[in-house]
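Chemist: Have a look at the structure that comes next, please.
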Amino acid sequence: MQAASRRTSVLRREAVLATVPVAVAALLAAAGPASASTVGGSGAGDPYFPLSGNGGYHVGHYDLTLRYDTTSRHLDGTAVLSARATQRLTRFDLDLKGLKVTRVTVDGRTARFSRNGQELVVTPSRALAKGREFHVAVSYNGTPGPVTDPDGSADGWIPTDDGAFVAGEPQGAMTWFPANSHPKDKSSYDFTITVPKGRTAVANGVLVGQHTSAGRTTFRWRQSEPMAAYLATATVGKFTVQQYTTRDGIKVYNAVDPREANGSASVLKELPSVLDWESRLFGPYPFRSAGAIVDHAPSVGYALETQGRPIYDSAPDLSTLVHESAHQWFGDSVSLTAWKDIWLNEGFATYAEWLYSEQHGGDSAQKTFDALYAKPAGDALWAYPPGDPGSGKNIFGEPVYARGAMALHELRGAVGDTVFFRILRAWAGEHRYGHGTTAQFVKLAEGQSGVDLGSLFQTWLYKKGKP
Ligand code: ARG
Ligand code: ZN
């Protein structure tokens with residue numbers, strides 16, 4: 001399935017000592033991040049989304065306690081982040097858009113905070129030494145809503161007629177919890193989500209508890225493997241739930257909106273065999289939990305590979321299930337360090353669709369490649385190169401998905417099947433639960449094959465226009 005069908009400041013300065021003349025203070029501030037600043041950066045340094053993520057600390061764990069009223073659409077939240085300072089910090093930012101913050105503590109002490117666009121600026125009562133572990137607790141509430149991405153799509157907390165469809169790629173995590181919201185930072189998560197009785201709250205990982213009292217049900221979820229904030233979900237709705245454990249011991253939890261039950265049943269039945277097939281191709285499935293959230297939210301227009309449990313805005317077809325499942329290896333377990341490298345997610349997941357078709361009686365990958373290659377030079381497929389989409393507006397475009405997959409097909413042609421599949425497994429294995437860049441992928445492919453692949457990747461990833 002092609003991408004298209006899946007989709008349809010101000011710089012704050014540190015408080016200046018009254019004795020320092022303003023001009024000197026401005027000079028000091030202008031020295032910028034190279035100076036030994038004790039202020040955590042407002043972004044993770046990603047040119048496509050400059051304010052996504054933050055500098056100066058790493059979050060090891062998020063403990064999110066949420067209560068959502070599906071009638072008033074009011075969210076009450078407490079987020080406790082266990083973090084480590086990577087520099088001395090007199091101040092640091094979290095990403096949070098909208099919502100009202102009522103209290104912030106750092107290691108139990110009340111901290112000053114202010115809001116500046118999507119930055120929640122926290123000033124702990126005592127500076128945090130470099131290397132120091134600390135806990136930030138943020139109490140907040142309000143009526144969450146989505147953020148509009150540069151490509152016009154909605155992402156984040158998207159209210160539906162029976163709850164909310166929650167998907168955060170690339171920047172929507174900040175619409176429902178305070179986060180270090182860039183895939184560079186990966187963390188484990190605990191979720192405790194309370195919703196009206198009769199509704200189900202589905203997050204990532206394993207369901208570790210569920211109880212109902214006084215007309216409300218609380219669901220507790222645990223995601224123990226590292227996860228990027230954009231892959232977190234806390235989707236709420238009226239769902240039919242199916243739970244089982246696969247032969248490999250993976251805990252499956254499917255939540256299906258009854259309106260999508262007929263349309264999704266036969267595809268969902270294939271999930272264990274798809275994961276099994278992908279495990280043989282890419283190496284062991286990275287997570288202890290799996291499943292699907294099939295919501296009825298047709299206006300969303302896309303599916304997302306929420307970690308362990310992809311979310312679909314309606315009943316998926318098999319190709320889409322294969323695609324989101326492949327992301328568990330490529331995107332979720334092996335994560336981006338910059339959105340520019342998005343082809344490492346979407347090109348790989350798209351190529352998994354081609355491979356699935358080829359190995360299950362459908363078109364060969366070569367035939368899929370040829371049909372795309374036949375498109376004229378002016379086609380949108382060639383609008384920009386997948387390795388350098390140019391801006392956040394282009395990261396989910398056809399060149400990233402389809403030409404990204406074509407690049408992998410070219411690689412396969414150059415090194416042969418045996419080495420090609422060894423490269424895919426080595427990529428997923430060596431970077432498991434971590435990160436990978438395009439340069440590292442090229443290096444790995446050259447190392448595994450002994451072939452100089454510089455010009456192949458130059459052509460397919462970076463050359464403007466039809467190669
Ligand atoms: N990564 C998703 C996929 O599997 C697409 C997410 C699109 N997100 C968006 N905000 N448009 O293809
Ligand atoms: Zn994808």
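Each chain of the structure tokens is named A, B, ... in the order shown, its residues numbered from 1; ligands are numbered from 1 in display order.
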Please identify the residues whose atoms come within 9 Å of ligand 1, using only C-alpha atoms and all ligand atoms, and report them as an MDAnalysis selection string.
Modeler: chainID A and resid 2:3 6:8 148:156 167:172 300:306 310 320 323:324 327 331 345:346 349:350 395:396 401
Chemist: Which residues, written as a count of residues only, have at least one atom at most 6 Å from segment 279-290 of chain A, with only C-alpha atoms counted and residues fewer than 4 positions away on the same chain left out?
Modeler: 10
Chemist: Select from segment 173-401 of chain A everything DSSP, run on the backbone, classes as helix (DSSP H, G or I), then give the selection as a PyMOL selection string.
Modeler: chain A and resi 173-175+229-231+258-269+271-282+318-326+339-341+343-359+365-373+380-382+392-394+398-401
Chemist: Work out how far atom CA of Gly142 of chain A is from atom CA of Val208 of chain A, in Å to one decimal.
Modeler: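 Between atom CA of Val208 of chain A and atom CA of Gly142 of chain A the gap is 27.0 Å.
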Chemist: Per DSSP on the backbone, what are the strand (DSSP E or B) residues of segment 242-279 of chain A, as a list in words?
Modeler: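 Filtering segment 242-279 of chain A down to strand (DSSP E or B) leaves Gln242, Gln243, Tyr244, Thr245, Lys251, Val252, Tyr253, Asn254, Ala255 and Val256 of chain A.
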Chemist: Please provide as a ChimeraX atom specification all residues within 9 Å of Ser188 of chain A, with the sequence filter that same-chain residues fewer than 2 positions apart are discarded (counting only C-alpha atoms).
Modeler: /A:59-63,186,190,222-228
Chemist: Counting only C-alpha atoms, what is within 12 Å of Phe441 of chain A, bar same-chain residues fewer than 2 positions away, as a PDB file with N, CA and C atoms, in the first residue's frame?
Modeler:
```pdb
ATOM      1  N   PHE A 330      12.124  -1.511  12.396  1.00  0.00           N
ATOM      2  CA  PHE A 330      12.714  -0.359  11.702  1.00  0.00           C
ATOM      3  C   PHE A 330      11.933   0.904  12.043  1.00  0.00           C
ATOM      4  N   VAL A 334      14.952   0.177  16.277  1.00  0.00           N
ATOM      5  CA  VAL A 334      16.055   1.002  15.752  1.00  0.00           C
ATOM      6  C   VAL A 334      15.477   2.375  15.401  1.00  0.00           C
ATOM      7  N   LEU A 336      15.419   6.743  14.821  1.00  0.00           N
ATOM      8  CA  LEU A 336      16.085   7.854  14.142  1.00  0.00           C
ATOM      9  C   LEU A 336      16.825   8.731  15.141  1.00  0.00           C
ATOM     10  N   ASP A 341      16.355  11.424   8.366  1.00  0.00           N
ATOM     11  CA  ASP A 341      16.643  10.016   8.051  1.00  0.00           C
ATOM     12  C   ASP A 341      15.386   9.146   7.968  1.00  0.00           C
ATOM     13  N   TRP A 343      13.603   7.906   5.853  1.00  0.00           N
ATOM     14  CA  TRP A 343      13.529   6.777   4.905  1.00  0.00           C
ATOM     15  C   TRP A 343      13.956   5.473   5.592  1.00  0.00           C
ATOM     16  N   LEU A 344      14.798   5.576   6.645  1.00  0.00           N
ATOM     17  CA  LEU A 344      15.199   4.368   7.387  1.00  0.00           C
ATOM     18  C   LEU A 344      13.988   3.703   8.041  1.00  0.00           C
ATOM     19  N   PHE A 348      12.046   1.189   4.649  1.00  0.00           N
ATOM     20  CA  PHE A 348      12.165  -0.201   5.094  1.00  0.00           C
ATOM     21  C   PHE A 348      10.791  -0.849   5.267  1.00  0.00           C
ATOM     22  N   GLY A 387      16.630  10.614   0.969  1.00  0.00           N
ATOM     23  CA  GLY A 387      17.631  10.790   2.022  1.00  0.00           C
ATOM     24  C   GLY A 387      17.749  12.226   2.496  1.00  0.00           C
ATOM     25  N   LEU A 408      16.427   0.378  -1.370  1.00  0.00           N
ATOM     26  CA  LEU A 408      16.736  -0.930  -0.790  1.00  0.00           C
ATOM     27  C   LEU A 408      16.721  -2.026  -1.847  1.00  0.00           C
ATOM     28  N   LEU A 411      19.919  -1.885  -3.592  1.00  0.00           N
ATOM     29  CA  LEU A 411      20.944  -2.487  -2.747  1.00  0.00           C
ATOM     30  C   LEU A 411      20.898  -4.010  -2.860  1.00  0.00           C
ATOM     31  N   ILE A 423      22.257  -8.087   5.823  1.00  0.00           N
ATOM     32  CA  ILE A 423      22.368  -6.657   6.172  1.00  0.00           C
ATOM     33  C   ILE A 423      21.151  -6.210   6.992  1.00  0.00           C
ATOM     34  N   LEU A 424      19.954  -6.591   6.546  1.00  0.00           N
ATOM     35  CA  LEU A 424      18.750  -6.183   7.290  1.00  0.00           C
ATOM     36  C   LEU A 424      18.781  -6.719   8.720  1.00  0.00           C
ATOM     37  N   ARG A 425      19.186  -7.991   8.860  1.00  0.00           N
ATOM     38  CA  ARG A 425      19.237  -8.578  10.213  1.00  0.00           C
ATOM     39  C   ARG A 425      20.320  -7.924  11.064  1.00  0.00           C
ATOM     40  N   ALA A 426      21.445  -7.633  10.440  1.00  0.00           N
ATOM     41  CA  ALA A 426      22.537  -6.993  11.198  1.00  0.00           C
ATOM     42  C   ALA A 426      22.121  -5.599  11.649  1.00  0.00           C
ATOM     43  N   TRP A 427      21.416  -4.891  10.774  1.00  0.00           N
ATOM     44  CA  TRP A 427      20.941  -3.541  11.130  1.00  0.00           C
ATOM     45  C   TRP A 427      20.012  -3.605  12.353  1.00  0.00           C
ATOM     46  N   ALA A 428      19.023  -4.503  12.260  1.00  0.00           N
ATOM     47  CA  ALA A 428      18.061  -4.625  13.377  1.00  0.00           C
ATOM     48  C   ALA A 428      18.756  -5.149  14.637  1.00  0.00           C
ATOM     49  N   GLU A 430      22.240  -5.059  15.471  1.00  0.00           N
ATOM     50  CA  GLU A 430      23.306  -4.233  16.056  1.00  0.00           C
ATOM     51  C   GLU A 430      22.770  -2.941  16.671  1.00  0.00           C
ATOM     52  N   HIS A 431      21.624  -2.476  16.179  1.00  0.00           N
ATOM     53  CA  HIS A 431      21.084  -1.202  16.694  1.00  0.00           C
ATOM     54  C   HIS A 431      19.813  -1.417  17.524  1.00  0.00           C
ATOM     55  N   HIS A 435      19.674   3.428  18.182  1.00  0.00           N
ATOM     56  CA  HIS A 435      19.509   4.383  17.085  1.00  0.00           C
ATOM     57  C   HIS A 435      20.365   3.989  15.900  1.00  0.00           C
ATOM     58  N   GLY A 436      20.004   4.524  14.752  1.00  0.00           N
ATOM     59  CA  GLY A 436      20.839   4.333  13.578  1.00  0.00           C
ATOM     60  C   GLY A 436      20.688   5.512  12.637  1.00  0.00           C
ATOM     61  N   THR A 437      21.779   5.855  11.968  1.00  0.00           N
ATOM     62  CA  THR A 437      21.760   6.939  10.982  1.00  0.00           C
ATOM     63  C   THR A 437      21.948   6.355   9.580  1.00  0.00           C
ATOM     64  N   THR A 438      21.647   7.156   8.567  1.00  0.00           N
ATOM     65  CA  THR A 438      21.851   6.700   7.192  1.00  0.00           C
ATOM     66  C   THR A 438      23.327   6.356   6.963  1.00  0.00           C
ATOM     67  N   ALA A 439      24.220   7.205   7.473  1.00  0.00           N
ATOM     68  CA  ALA A 439      25.652   6.942   7.279  1.00  0.00           C
ATOM     69  C   ALA A 439      26.045   5.598   7.897  1.00  0.00           C
ATOM     70  N   LYS A 443      27.511   2.270   5.898  1.00  0.00           N
ATOM     71  CA  LYS A 443      28.750   1.653   6.365  1.00  0.00           C
ATOM     72  C   LYS A 443      28.543   0.163   6.660  1.00  0.00           C
ATOM     73  N   LEU A 444      27.435  -0.135   7.310  1.00  0.00           N
ATOM     74  CA  LEU A 444      27.138  -1.533   7.626  1.00  0.00           C
ATOM     75  C   LEU A 444      26.956  -2.349   6.349  1.00  0.00           C
ATOM     76  N   ALA A 445      26.221  -1.776   5.383  1.00  0.00           N
ATOM     77  CA  ALA A 445      25.979  -2.485   4.126  1.00  0.00           C
ATOM     78  C   ALA A 445      27.296  -2.737   3.388  1.00  0.00           C
ATOM     79  N   GLU A 446      28.177  -1.754   3.427  1.00  0.00           N
ATOM     80  CA  GLU A 446      29.482  -1.933   2.767  1.00  0.00           C
ATOM     81  C   GLU A 446      30.327  -2.967   3.507  1.00  0.00           C
ATOM     82  N   GLY A 447      30.255  -2.932   4.816  1.00  0.00           N
ATOM     83  CA  GLY A 447      31.010  -3.895   5.620  1.00  0.00           C
ATOM     84  C   GLY A 447      30.539  -5.330   5.388  1.00  0.00           C
ATOM     85  N   GLN A 448      29.222  -5.509   5.339  1.00  0.00           N
ATOM     86  CA  GLN A 448      28.664  -6.848   5.165  1.00  0.00           C
ATOM     87  C   GLN A 448      28.905  -7.383   3.752  1.00  0.00           C
ATOM     88  N   LEU A 453      29.428   1.002  -1.943  1.00  0.00           N
ATOM     89  CA  LEU A 453      28.039   1.332  -2.279  1.00  0.00           C
ATOM     90  C   LEU A 453      27.787   2.831  -2.320  1.00  0.00           C
ATOM     91  N   GLY A 454      28.865   3.581  -2.270  1.00  0.00           N
ATOM     92  CA  GLY A 454      28.738   5.036  -2.212  1.00  0.00           C
ATOM     93  C   GLY A 454      27.891   5.606  -3.326  1.00  0.00           C
ATOM     94  N   PHE A 457      24.009   4.574  -3.190  1.00  0.00           N
ATOM     95  CA  PHE A 457      23.207   5.335  -2.233  1.00  0.00           C
ATOM     96  C   PHE A 457      23.148   6.821  -2.617  1.00  0.00           C
TER      97      PHE A 457
END
```
Chemist: From the options A:Asp388, A:Asp379, A:Glu353, A:Asp185, which residue's atoms come nearest to ligand 2, counting only C-alpha atoms and all ligand atoms?
Modeler: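 Looking at the shortest contact to ligand 2, the residue is A:Glu353.
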Chemist: Have a look at A:Leu94, A:Leu372, A:Val322, A:Leu64 and name the one nearest to ligand 2; count only C-alpha atoms and all ligand atoms.
Modeler: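 The shortest atom-to-atom distance to ligand 2 comes from A:Val322.
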Chemist: Point out the residue among A:Gly347, A:Gly362, A:Pro399, A:Gly416 with the least atom-to-atom distance to ligand 2, counting only C-alpha atoms and all ligand atoms.
Modeler: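 Checking each candidate against ligand 2, we get A:Gly347 as the closest.
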Chemist: Please provide as a ChimeraX atom specification all residues within 10 Å of segment 113-115 of chain A, with the sequence filter that same-chain residues fewer than 2 positions apart are discarded (counting only C-alpha atoms).
Modeler: /A:91-98,100-105,110-111,117-124
Chemist: Go ahead and save the picked residues with N, CA and C atoms, as a PDB file, in the first residue's frame.
Modeler:
```pdb
ATOM      1  N   ARG A  91      18.343  25.189  34.742  1.00  0.00           N
ATOM      2  CA  ARG A  91      17.028  25.306  34.124  1.00  0.00           C
ATOM      3  C   ARG A  91      16.970  24.312  32.975  1.00  0.00           C
ATOM      4  N   PHE A  92      15.805  23.779  32.715  1.00  0.00           N
ATOM      5  CA  PHE A  92      15.659  22.886  31.553  1.00  0.00           C
ATOM      6  C   PHE A  92      14.228  22.981  31.045  1.00  0.00           C
ATOM      7  N   ASP A  93      14.026  22.476  29.832  1.00  0.00           N
ATOM      8  CA  ASP A  93      12.701  22.516  29.210  1.00  0.00           C
ATOM      9  C   ASP A  93      12.118  21.119  29.086  1.00  0.00           C
ATOM     10  N   LEU A  94      10.798  21.075  29.075  1.00  0.00           N
ATOM     11  CA  LEU A  94      10.061  19.902  28.613  1.00  0.00           C
ATOM     12  C   LEU A  94       9.192  20.383  27.459  1.00  0.00           C
ATOM     13  N   ASP A  95       8.761  19.465  26.600  1.00  0.00           N
ATOM     14  CA  ASP A  95       7.828  19.846  25.537  1.00  0.00           C
ATOM     15  C   ASP A  95       6.408  19.607  26.035  1.00  0.00           C
ATOM     16  N   LEU A  96       5.583  20.625  25.977  1.00  0.00           N
ATOM     17  CA  LEU A  96       4.164  20.475  26.332  1.00  0.00           C
ATOM     18  C   LEU A  96       3.395  21.582  25.643  1.00  0.00           C
ATOM     19  N   LYS A  97       2.386  21.184  24.872  1.00  0.00           N
ATOM     20  CA  LYS A  97       1.632  22.179  24.100  1.00  0.00           C
ATOM     21  C   LYS A  97       0.197  22.212  24.616  1.00  0.00           C
ATOM     22  N   GLY A  98      -0.290  23.394  24.924  1.00  0.00           N
ATOM     23  CA  GLY A  98      -1.627  23.507  25.487  1.00  0.00           C
ATOM     24  C   GLY A  98      -1.649  22.962  26.906  1.00  0.00           C
ATOM     25  N   LYS A 100      -3.009  23.057  31.048  1.00  0.00           N
ATOM     26  CA  LYS A 100      -2.648  23.972  32.133  1.00  0.00           C
ATOM     27  C   LYS A 100      -1.771  23.202  33.109  1.00  0.00           C
ATOM     28  N   VAL A 101      -0.641  23.752  33.420  1.00  0.00           N
ATOM     29  CA  VAL A 101       0.251  23.117  34.401  1.00  0.00           C
ATOM     30  C   VAL A 101      -0.047  23.734  35.764  1.00  0.00           C
ATOM     31  N   THR A 102      -0.306  22.884  36.746  1.00  0.00           N
ATOM     32  CA  THR A 102      -0.650  23.415  38.070  1.00  0.00           C
ATOM     33  C   THR A 102       0.506  23.308  39.052  1.00  0.00           C
ATOM     34  N   ARG A 103       1.421  22.368  38.820  1.00  0.00           N
ATOM     35  CA  ARG A 103       2.523  22.227  39.772  1.00  0.00           C
ATOM     36  C   ARG A 103       3.654  21.425  39.142  1.00  0.00           C
ATOM     37  N   VAL A 104       4.867  21.850  39.451  1.00  0.00           N
ATOM     38  CA  VAL A 104       6.048  21.097  39.024  1.00  0.00           C
ATOM     39  C   VAL A 104       6.953  20.930  40.238  1.00  0.00           C
ATOM     40  N   THR A 105       7.418  19.714  40.443  1.00  0.00           N
ATOM     41  CA  THR A 105       8.433  19.511  41.475  1.00  0.00           C
ATOM     42  C   THR A 105       9.642  18.837  40.846  1.00  0.00           C
ATOM     43  N   THR A 110       9.185  21.988  45.173  1.00  0.00           N
ATOM     44  CA  THR A 110       8.472  22.830  44.219  1.00  0.00           C
ATOM     45  C   THR A 110       9.468  23.570  43.327  1.00  0.00           C
ATOM     46  N   ALA A 111       9.204  23.519  42.046  1.00  0.00           N
ATOM     47  CA  ALA A 111      10.093  24.205  41.094  1.00  0.00           C
ATOM     48  C   ALA A 111       9.318  25.317  40.404  1.00  0.00           C
ATOM     49  N   GLY A 117       5.412  28.971  24.358  1.00  0.00           N
ATOM     50  CA  GLY A 117       5.023  28.147  23.219  1.00  0.00           C
ATOM     51  C   GLY A 117       4.950  26.692  23.663  1.00  0.00           C
ATOM     52  N   GLN A 118       5.631  25.811  22.951  1.00  0.00           N
ATOM     53  CA  GLN A 118       5.575  24.399  23.314  1.00  0.00           C
ATOM     54  C   GLN A 118       6.618  24.017  24.365  1.00  0.00           C
ATOM     55  N   GLU A 119       7.313  25.007  24.908  1.00  0.00           N
ATOM     56  CA  GLU A 119       8.311  24.718  25.940  1.00  0.00           C
ATOM     57  C   GLU A 119       7.743  24.970  27.333  1.00  0.00           C
ATOM     58  N   LEU A 120       7.860  23.967  28.179  1.00  0.00           N
ATOM     59  CA  LEU A 120       7.585  24.135  29.604  1.00  0.00           C
ATOM     60  C   LEU A 120       8.956  24.309  30.254  1.00  0.00           C
ATOM     61  N   VAL A 121       9.199  25.505  30.748  1.00  0.00           N
ATOM     62  CA  VAL A 121      10.532  25.853  31.247  1.00  0.00           C
ATOM     63  C   VAL A 121      10.553  25.668  32.760  1.00  0.00           C
ATOM     64  N   VAL A 122      11.421  24.796  33.227  1.00  0.00           N
ATOM     65  CA  VAL A 122      11.446  24.428  34.647  1.00  0.00           C
ATOM     66  C   VAL A 122      12.738  24.921  35.286  1.00  0.00           C
ATOM     67  N   THR A 123      12.599  25.614  36.384  1.00  0.00           N
ATOM     68  CA  THR A 123      13.767  26.073  37.145  1.00  0.00           C
ATOM     69  C   THR A 123      13.746  25.384  38.513  1.00  0.00           C
ATOM     70  N   PRO A 124      14.572  24.368  38.678  1.00  0.00           N
ATOM     71  CA  PRO A 124      14.591  23.678  39.974  1.00  0.00           C
ATOM     72  C   PRO A 124      15.115  24.604  41.073  1.00  0.00           C
TER      73      PRO A 124
END
```
Chemist: Nearest to Asn394 of chain A: which of A:Tyr57, A:Ala352, A:Asn180, A:Tyr48 is it, counting only C-alpha atoms?
Modeler: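 Checking each candidate against Asn394 of chain A, we get A:Tyr48 as the closest.
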Chemist: I need the residue nearest ligand 2 from this list: A:Val80, A:Ala402, A:Ala44, A:Ala315. Use only C-alpha atoms and all ligand atoms for the distance.
Modeler: A:Ala402
